[in-house]
Amino acid sequence: MKNATKLLYLILFCILFISCSSDPESDPEVVKPPVPEIPKPVPVVDSKITAYSSNYGKTDEEITITGENFSDKIENINLYFDNVKATIISATSTQIKFKLPTTTNVVPVLRLEITNTKITNLVKNAYKGNIAILKANPASSWIVSNSATNNSQVIKIQILDNGAVYYNWETSILLEGGSTISYNYVNRSLDDGKTWENWTETASTRWATNFFATNSDEGWSVYSEGSLYKIPMGGLDRTQLLTSVGSIVHMNADESLKSGSVITSGGNVHSTNDGANFSKVYSSTIGNNGGITGSTFLDNDHIWAYGLKGFTIAGTFGYKPILLYKKGSSDEWKEKVFSDATTDARIRSVQFFKDNSGLMLFSTLNKTSILKSVDGGDNWSEIYSGEAFNRITFNDANNGWAVLGKIIYKTTNGGVSWTVDYTHEEDILNIAARDKTVWAFSKSKILKRYL
């Protein structure tokens with residue numbers, strides 16, 4: 001009996017032990033490591049830059065970049081010019097407005113960064129898709145560089161609104177047997193003269209305008225006798241526009257190259273309104289015995305060309321200076337012959353200003369004068385007679401420069417009096433001033449002066 005009782009207790013104890021040990025509340029808790037959350041990739045947006053409101057400007061000037069798939073959050077946008085950060089003013093999905101910073105280079109490298117965005121720049125301009133930042137250079141004396149390889153003439157200098165400088169120059173190649181052959185080219189600088197590139201080849205036309213350039217680096221040029229060519233952005237290539245009209249000595253057009261005029265040495269004026277088709281709008285009385293030798297212009301309605309007209313007086317043939325001009329949109333073309341001048345008189349250069357006042361460098365074998373007009377060229381009066389200048393240029397109606405051999409003269413009273421400004425080691429071939437910068441060229445040097 002006792003043994004049966006002990007066996008019963010033993011069975012009950014085992015059952016109780018097994019029951020307690022299998023209690024889920026008494027089991028130790030198993031801690032499982034968290035499953036890491038894999039971040040979803042952020043999609044990269046494809047963005048395009050398609051245009052600038054301007055291809056150039058001055059420090060702090062506001063410019064707008066136009067394109068596709070930009071961000072409207074300024075904090076996600078960074079714009080650099082040679083690693084100098086620009087200030088973003090506003091941003092949308094299609095436009096970013098900013099202020100130009102101060103940089104060392106005139107043409108800094110533009111870099112736009114937008115968070116999670118791949119950017120493609122589709123802008124094609126004279127600055128290889130960049131934006132030029134024009135300098136407000138402090139006034140200086142003459143700065144001379146050794147960049148030129150001119151031969152004997154620089155026919156024309158053109159300074160543009162964007163600070164680009166173009167000039168025509170001649171070079172000669174010595175052939176076997178001792179003879180030489182000359183070539184004429186147009187060089188241009190887009191970075192204030194730091195670097196120069198060949199823009200196009202031109203025909204040789206002394207005392208005439210044989211190229212014209214725009215702010216977009218396009219233009220016109222004479223390449224063969226009587227033929228006008230269009231020069232694309234970047235230069236070098238050319239497309240013929242006009243041919244067989246006679247020797248072209250003047251050309252000008254608007255920024256789009258749609259509206260413009262050309263003048264031949266015979267005094268015939270051809271105009272275009274579409275940049276492709278030209279029509280003769282005026283025939284002068286110069287004839288074959290005379291010729292246009294130079295010109296100046298403000299726009300397509302304000303053009304002054306000058307040269308010589310042949311005369312036979314009392315059986316003796318000679319020349320008289322002539323001015324062929326148009327001084328307003330409502331004005332017709334006019335001719336003014338300086339009939340009181342001697343037969344050795346020549347118009348050397350002419351420059352006009354927006355108020356229809358103008359200055360003329362006028363010379364004979366014995367005298368050189370500066371004449372002034374206040375009515376667009378109808379009437380002229382002498383304001384200076386002295387040094388035998390061969391070139392003059394004015395930054396405005398008061399401040400100008402003149403060239404005589406190696407000497408550059410300066411006036412501050414509109415040409416009434418002159419003083420020596422600089423003496424160079426070589427003869428100055430040509431000089432031009434615009435927007436407080438003066439450029440001059442000699443055979444092997446390029447000179448500039450900030451005003």
# chains A, B, ... in the order shown; residues from 1 in each chain; ligands from 1
$ residues_around --residues "A:Leu112" --least-positions-apart "3" --cutoff "8 Å" --atoms "only C-alpha atoms" --output "PyMOL selection string"
chain A and resi 77-80+119
$ write_last_selection --atoms "C-alpha atoms" --output "JSON list (two decimals), in the first residue's frame"
[["chain", "number", "residue", "atom", "x", "y", "z"],
["A", 77, "ILE", "CA", 20.44, 74.95, -56.96],
["A", 78, "ASN", "CA", 24.08, 76.01, -57.23],
["A", 79, "LEU", "CA", 25.45, 78.06, -60.11],
["A", 80, "TYR", "CA", 29.20, 78.60, -60.47],
["A", 119, "ILE", "CA", 22.01, 68.82, -66.70]]
$ residues_around --residues "stretch 427-433 of chain A" --least-positions-apart "4" --cutoff "7 Å" --atoms "only C-alpha atoms" --output "ChimeraX atom specification"
/A:153-154,157,391,393-395,403,405-406,437-442
$ write_last_selection --atoms "C-alpha atoms" --output "tab-separated table (two decimals), in the first residue's frame"
chain	number	residue	atom	x	y	z
A	153	GLN	CA	47.90	97.86	-92.55
A	154	VAL	CA	44.98	97.41	-90.20
A	157	ILE	CA	38.80	97.84	-85.90
A	391	ARG	CA	43.53	108.62	-88.07
A	393	THR	CA	38.60	108.22	-83.18
A	394	PHE	CA	36.25	109.44	-80.44
A	395	ASN	CA	34.74	107.73	-77.41
A	403	VAL	CA	47.46	109.12	-84.70
A	405	GLY	CA	53.28	108.05	-86.97
A	406	LYS	CA	54.36	106.64	-83.60
A	437	THR	CA	38.22	101.48	-74.03
A	438	VAL	CA	40.68	102.53	-76.74
A	439	TRP	CA	42.40	99.95	-78.95
A	440	ALA	CA	45.36	100.65	-81.24
A	441	PHE	CA	47.45	98.38	-83.47
A	442	SER	CA	50.98	98.61	-84.81
$ select_by_dssp --residues "stretch 234-432 of chain A" --states "strand (DSSP E or B)" --output "ChimeraX atom specification"
/A:239-242,248-253,260-264,268-272,278-283,291-299,302-313,316-327,334-337,346-352,358-363,368-373,381-385,391-394,400-404,407-411,419-423,428-432
$ atom_distance --atom1 "atom CA of A:Asp421" --atom2 "atom CA of A:Ala397"
18.0 Å
$ residues_around --residues "A:Arg346" --least-positions-apart "4" --cutoff "6 Å" --atoms "only C-alpha atoms" --output "number ranges by chain"
A: 321, 362-363
$ select_by_dssp --residues "stretch 4-202 of chain A" --states "helix (DSSP H, G or I)" --output "ChimeraX atom specification"
/A:4-21,24-26,74-76
$ write_last_selection --atoms "N, CA, C and O atoms" --output "mmCIF file, in the first residue's frame"
data_model
loop_
_atom_site.group_PDB
_atom_site.id
_atom_site.type_symbol
_atom_site.label_atom_id
_atom_site.label_comp_id
_atom_site.auth_asym_id
_atom_site.auth_seq_id
_atom_site.Cartn_x
_atom_site.Cartn_y
_atom_site.Cartn_z
ATOM 1 N N ALA A 4 2.361 1.790 -3.390
ATOM 2 C CA ALA A 4 1.400 2.353 -4.354
ATOM 3 C C ALA A 4 1.222 3.833 -4.135
ATOM 4 O O ALA A 4 1.112 4.607 -5.088
ATOM 5 N N THR A 5 1.200 4.219 -2.879
ATOM 6 C CA THR A 5 1.055 5.673 -2.601
ATOM 7 C C THR A 5 2.260 6.449 -3.100
ATOM 8 O O THR A 5 2.150 7.531 -3.686
ATOM 9 N N LYS A 6 3.468 5.904 -2.831
ATOM 10 C CA LYS A 6 4.708 6.579 -3.296
ATOM 11 C C LYS A 6 4.702 6.690 -4.813
ATOM 12 O O LYS A 6 5.128 7.715 -5.379
ATOM 13 N N LEU A 7 4.240 5.662 -5.479
ATOM 14 C CA LEU A 7 4.227 5.701 -6.956
ATOM 15 C C LEU A 7 3.254 6.754 -7.458
ATOM 16 O O LEU A 7 3.539 7.491 -8.427
ATOM 17 N N LEU A 8 2.116 6.904 -6.734
ATOM 18 C CA LEU A 8 1.143 7.911 -7.132
ATOM 19 C C LEU A 8 1.712 9.313 -6.986
ATOM 20 O O LEU A 8 1.562 10.171 -7.857
ATOM 21 N N TYR A 9 2.373 9.563 -5.825
ATOM 22 C CA TYR A 9 3.013 10.880 -5.632
ATOM 23 C C TYR A 9 4.073 11.163 -6.700
ATOM 24 O O TYR A 9 4.236 12.305 -7.179
ATOM 25 N N LEU A 10 4.824 10.138 -7.045
ATOM 26 C CA LEU A 10 5.891 10.335 -8.042
ATOM 27 C C LEU A 10 5.276 10.704 -9.392
ATOM 28 O O LEU A 10 5.770 11.603 -10.096
ATOM 29 N N ILE A 11 4.199 10.057 -9.770
ATOM 30 C CA ILE A 11 3.542 10.358 -11.046
ATOM 31 C C ILE A 11 2.997 11.783 -11.048
ATOM 32 O O ILE A 11 3.148 12.539 -12.014
ATOM 33 N N LEU A 12 2.342 12.167 -9.891
ATOM 34 C CA LEU A 12 1.805 13.535 -9.803
ATOM 35 C C LEU A 12 2.914 14.590 -9.883
ATOM 36 O O LEU A 12 2.772 15.654 -10.502
ATOM 37 N N PHE A 13 4.044 14.351 -9.247
ATOM 38 C CA PHE A 13 5.161 15.281 -9.259
ATOM 39 C C PHE A 13 5.696 15.460 -10.677
ATOM 40 O O PHE A 13 6.016 16.577 -11.124
ATOM 41 N N CYS A 14 5.834 14.347 -11.410
ATOM 42 C CA CYS A 14 6.344 14.430 -12.789
ATOM 43 C C CYS A 14 5.392 15.233 -13.676
ATOM 44 O O CYS A 14 5.818 16.035 -14.511
ATOM 45 N N ILE A 15 4.080 14.952 -13.462
ATOM 46 C CA ILE A 15 3.100 15.707 -14.270
ATOM 47 C C ILE A 15 3.180 17.193 -13.982
ATOM 48 O O ILE A 15 3.153 18.040 -14.879
ATOM 49 N N LEU A 16 3.296 17.557 -12.683
ATOM 50 C CA LEU A 16 3.388 18.972 -12.300
ATOM 51 C C LEU A 16 4.650 19.604 -12.839
ATOM 52 O O LEU A 16 4.659 20.733 -13.329
ATOM 53 N N PHE A 17 5.783 18.896 -12.792
ATOM 54 C CA PHE A 17 7.064 19.426 -13.260
ATOM 55 C C PHE A 17 7.019 19.692 -14.764
ATOM 56 O O PHE A 17 7.449 20.725 -15.252
ATOM 57 N N ILE A 18 6.466 18.694 -15.471
ATOM 58 C CA ILE A 18 6.377 18.854 -16.930
ATOM 59 C C ILE A 18 5.463 20.009 -17.281
ATOM 60 O O ILE A 18 5.723 20.802 -18.168
ATOM 61 N N SER A 19 4.381 20.148 -16.528
ATOM 62 C CA SER A 19 3.439 21.244 -16.786
ATOM 63 C C SER A 19 4.077 22.579 -16.544
ATOM 64 O O SER A 19 3.909 23.514 -17.315
ATOM 65 N N CYS A 20 4.827 22.719 -15.492
ATOM 66 C CA CYS A 20 5.485 24.011 -15.183
ATOM 67 C C CYS A 20 6.565 24.335 -16.190
ATOM 68 O O CYS A 20 6.745 25.474 -16.611
ATOM 69 N N SER A 21 7.333 23.318 -16.570
ATOM 70 C CA SER A 21 8.447 23.589 -17.482
ATOM 71 C C SER A 21 7.958 23.930 -18.875
ATOM 72 O O SER A 21 8.660 24.543 -19.667
ATOM 73 N N PRO A 24 4.425 28.618 -21.220
ATOM 74 C CA PRO A 24 5.021 29.581 -22.159
ATOM 75 C C PRO A 24 5.475 30.856 -21.483
ATOM 76 O O PRO A 24 6.366 31.526 -21.956
ATOM 77 N N GLU A 25 4.821 31.205 -20.351
ATOM 78 C CA GLU A 25 5.230 32.438 -19.693
ATOM 79 C C GLU A 25 6.584 32.313 -19.027
ATOM 80 O O GLU A 25 7.247 33.311 -18.758
ATOM 81 N N SER A 26 7.002 31.081 -18.833
ATOM 82 C CA SER A 26 8.278 30.900 -18.158
ATOM 83 C C SER A 26 9.430 30.747 -19.151
ATOM 84 O O SER A 26 10.583 30.707 -18.756
ATOM 85 N N ILE A 74 15.277 77.039 -54.392
ATOM 86 C CA ILE A 74 16.576 77.682 -54.543
ATOM 87 C C ILE A 74 17.672 76.925 -53.803
ATOM 88 O O ILE A 74 18.816 76.842 -54.264
ATOM 89 N N GLU A 75 17.305 76.328 -52.643
ATOM 90 C CA GLU A 75 18.321 75.628 -51.843
ATOM 91 C C GLU A 75 18.870 74.398 -52.553
ATOM 92 O O GLU A 75 19.925 73.866 -52.156
ATOM 93 N N ASN A 76 18.206 73.947 -53.602
ATOM 94 C CA ASN A 76 18.681 72.783 -54.349
ATOM 95 C C ASN A 76 19.526 73.164 -55.567
ATOM 96 O O ASN A 76 19.943 72.290 -56.326
#
$ closest_residue --among "A:Gly235, A:Gly219, A:Gly310, A:Gly67" --to "A:Asn121" --atoms "only C-alpha atoms"
A:Gly67
$ residues_around --residues "A:Phe81" --least-positions-apart "6" --cutoff "9 Å" --atoms "only C-alpha atoms" --output "MDAnalysis selection string"
chainID A and resid 100:103 107:112 130:131
$ write_last_selection --atoms "N, CA and C atoms" --output "compact mmCIF listing (two decimals), in the first residue's frame"
# COMPACT_ATOMS: atom_id res chain seq x y z
N LEU A 100 25.19 88.04 -61.83
CA LEU A 100 26.54 87.68 -62.24
C LEU A 100 27.54 88.02 -61.13
N PRO A 101 28.44 87.12 -60.80
CA PRO A 101 29.44 87.40 -59.76
C PRO A 101 30.65 88.12 -60.34
N THR A 102 31.62 88.38 -59.51
CA THR A 102 32.90 88.95 -59.95
C THR A 102 33.88 87.81 -60.18
N THR A 103 34.46 87.76 -61.37
CA THR A 103 35.40 86.70 -61.71
C THR A 103 36.68 87.28 -62.26
N VAL A 107 35.59 85.31 -69.64
CA VAL A 107 34.69 84.21 -70.04
C VAL A 107 34.93 83.04 -69.09
N PRO A 108 34.32 83.06 -67.91
CA PRO A 108 34.47 81.95 -66.96
C PRO A 108 33.64 80.75 -67.39
N VAL A 109 34.01 79.58 -66.87
CA VAL A 109 33.26 78.36 -67.17
C VAL A 109 32.00 78.31 -66.30
N LEU A 110 30.85 78.20 -66.94
CA LEU A 110 29.56 78.14 -66.24
C LEU A 110 29.26 76.70 -65.86
N ARG A 111 28.88 76.48 -64.59
CA ARG A 111 28.50 75.15 -64.12
C ARG A 111 27.25 75.24 -63.26
N LEU A 112 26.18 74.61 -63.71
CA LEU A 112 24.91 74.59 -62.98
C LEU A 112 24.73 73.23 -62.33
N ASN A 130 29.10 79.47 -72.49
CA ASN A 130 29.31 80.21 -71.24
C ASN A 130 28.73 81.61 -71.36
N ILE A 131 28.82 82.37 -70.29
CA ILE A 131 28.37 83.76 -70.26
C ILE A 131 29.57 84.64 -69.92
$ closest_residue --among "A:Arg188, A:Lys334, A:Lys73, A:Arg434" --to "A:Ala126" --atoms "only C-alpha atoms"
A:Arg188
$ atom_distance --atom1 "atom CA of A:Thr312" --atom2 "atom CA of A:His250"
27.2 Å
$ closest_residue --among "A:Leu298, A:Leu134, A:Val144, A:Ala139" --to "A:Asn162" --atoms "only C-alpha atoms"
A:Leu134
$ residues_around --residues "A:Asn146" --least-positions-apart "3" --cutoff "10 Å" --atoms "only C-alpha atoms" --output "VMD selection string"
chain A and resid 149 442 to 447
$ write_last_selection --atoms "N, CA and C atoms" --output "tab-separated table (two decimals), in the first residue's frame"
chain	number	residue	atom	x	y	z
A	149	THR	N	50.83	90.35	-85.41
A	149	THR	CA	51.75	89.99	-86.49
A	149	THR	C	51.30	90.69	-87.77
A	442	SER	N	49.80	98.34	-84.01
A	442	SER	CA	50.98	98.61	-84.81
A	442	SER	C	51.38	97.31	-85.50
A	443	LYS	N	52.56	97.28	-86.10
A	443	LYS	CA	52.97	96.10	-86.86
A	443	LYS	C	53.10	94.86	-85.98
A	444	SER	N	53.62	94.99	-84.78
A	444	SER	CA	53.84	93.81	-83.93
A	444	SER	C	53.25	93.95	-82.54
A	445	LYS	N	52.51	95.01	-82.28
A	445	LYS	CA	51.99	95.25	-80.94
A	445	LYS	C	50.49	95.56	-80.99
A	446	ILE	N	49.83	95.21	-79.88
A	446	ILE	CA	48.45	95.61	-79.65
A	446	ILE	C	48.42	96.48	-78.41
A	447	LEU	N	47.79	97.65	-78.50
A	447	LEU	CA	47.76	98.61	-77.40
A	447	LEU	C	46.31	98.84	-76.98
$ residues_around --residues "A:Ala213" --least-positions-apart "6" --cutoff "10 Å" --atoms "only C-alpha atoms" --output "PyMOL selection string"
chain A and resi 158-160+164-166+188+199+219-221+230-233+235+251-255+257
$ closest_residue --among "A:Tyr422, A:Tyr183, A:Lys128, A:Asn273" --to "A:Trp401" --atoms "only C-alpha atoms"
A:Tyr422
$ residues_around --residues "A:Ser279" --least-positions-apart "4" --cutoff "10 Å" --atoms "only C-alpha atoms" --output "PyMOL selection string"
chain A and resi 261+269-273
$ write_last_selection --atoms "C-alpha atoms" --output "CSV table (one decimal), in the first residue's frame"
chain,number,residue,atom,x,y,z
A,261,SER,CA,23.3,97.7,-96.4
A,269,VAL,CA,23.8,101.2,-102.3
A,270,HIS,CA,22.3,97.7,-101.9
A,271,SER,CA,19.9,96.9,-99.0
A,272,THR,CA,18.3,93.8,-97.6
A,273,ASN,CA,15.3,93.2,-95.3
$ closest_residue --among "A:Asp161, A:Asp299, A:Asp396, A:Asp355" --to "A:Asn55" --atoms "only C-alpha atoms"
A:Asp161
$ atom_distance --atom1 "atom CA of A:Asn198" --atom2 "atom CA of A:Val186"
6.0 Å
$ decode --residues "stretch 300-319 of chain A" --atoms "N, CA and C atoms" --output "CSV table (one decimal), in the first residue's frame"
chain,number,residue,atom,x,y,z
A,300,ASN,N,21.3,101.2,-89.6
A,300,ASN,CA,21.0,101.1,-91.1
A,300,ASN,C,20.3,102.4,-91.6
A,301,ASP,N,19.9,103.3,-90.8
A,301,ASP,CA,19.4,104.6,-91.2
A,301,ASP,C,20.3,105.8,-91.1
A,302,HIS,N,21.5,105.5,-90.6
A,302,HIS,CA,22.5,106.6,-90.3
A,302,HIS,C,23.9,106.1,-90.8
A,303,ILE,N,24.2,106.3,-92.1
A,303,ILE,CA,25.4,105.8,-92.7
A,303,ILE,C,26.1,107.0,-93.5
A,304,TRP,N,27.4,107.1,-93.3
A,304,TRP,CA,28.2,108.1,-94.0
A,304,TRP,C,29.3,107.4,-94.7
A,305,ALA,N,29.4,107.5,-96.0
A,305,ALA,CA,30.5,107.0,-96.8
A,305,ALA,C,31.2,108.1,-97.5
A,306,TYR,N,32.5,108.0,-97.7
A,306,TYR,CA,33.2,109.1,-98.3
A,306,TYR,C,34.2,108.6,-99.3
A,307,GLY,N,34.6,109.5,-100.2
A,307,GLY,CA,35.6,109.2,-101.2
A,307,GLY,C,35.9,110.4,-102.1
A,308,LEU,N,36.1,110.1,-103.4
A,308,LEU,CA,36.4,111.1,-104.4
A,308,LEU,C,35.5,111.0,-105.6
A,309,LYS,N,35.2,112.2,-106.2
A,309,LYS,CA,34.5,112.3,-107.4
A,309,LYS,C,35.3,112.9,-108.5
A,310,GLY,N,35.4,112.4,-109.7
A,310,GLY,CA,36.2,112.9,-110.7
A,310,GLY,C,35.5,114.1,-111.4
A,311,PHE,N,36.3,115.1,-111.8
A,311,PHE,CA,35.8,116.3,-112.5
A,311,PHE,C,36.8,116.6,-113.6
A,312,THR,N,36.3,117.2,-114.7
A,312,THR,CA,37.1,117.8,-115.7
A,312,THR,C,36.8,119.3,-115.7
A,313,ILE,N,37.7,120.1,-115.3
A,313,ILE,CA,37.5,121.6,-115.2
A,313,ILE,C,38.5,122.3,-116.1
A,314,ALA,N,38.0,123.0,-117.1
A,314,ALA,CA,38.8,123.8,-118.0
A,314,ALA,C,39.8,122.8,-118.7
A,315,GLY,N,39.3,121.6,-119.0
A,315,GLY,CA,40.2,120.7,-119.7
A,315,GLY,C,41.1,119.9,-118.9
A,316,THR,N,41.1,120.1,-117.6
A,316,THR,CA,42.0,119.4,-116.6
A,316,THR,C,41.2,118.5,-115.7
A,317,PHE,N,41.6,117.2,-115.6
A,317,PHE,CA,40.9,116.3,-114.8
A,317,PHE,C,41.4,116.3,-113.4
A,318,GLY,N,40.5,116.2,-112.4
A,318,GLY,CA,40.9,116.2,-111.0
A,318,GLY,C,39.8,115.6,-110.2
A,319,TYR,N,40.1,115.5,-108.9
A,319,TYR,CA,39.1,114.9,-107.9
A,319,TYR,C,38.7,115.9,-106.9
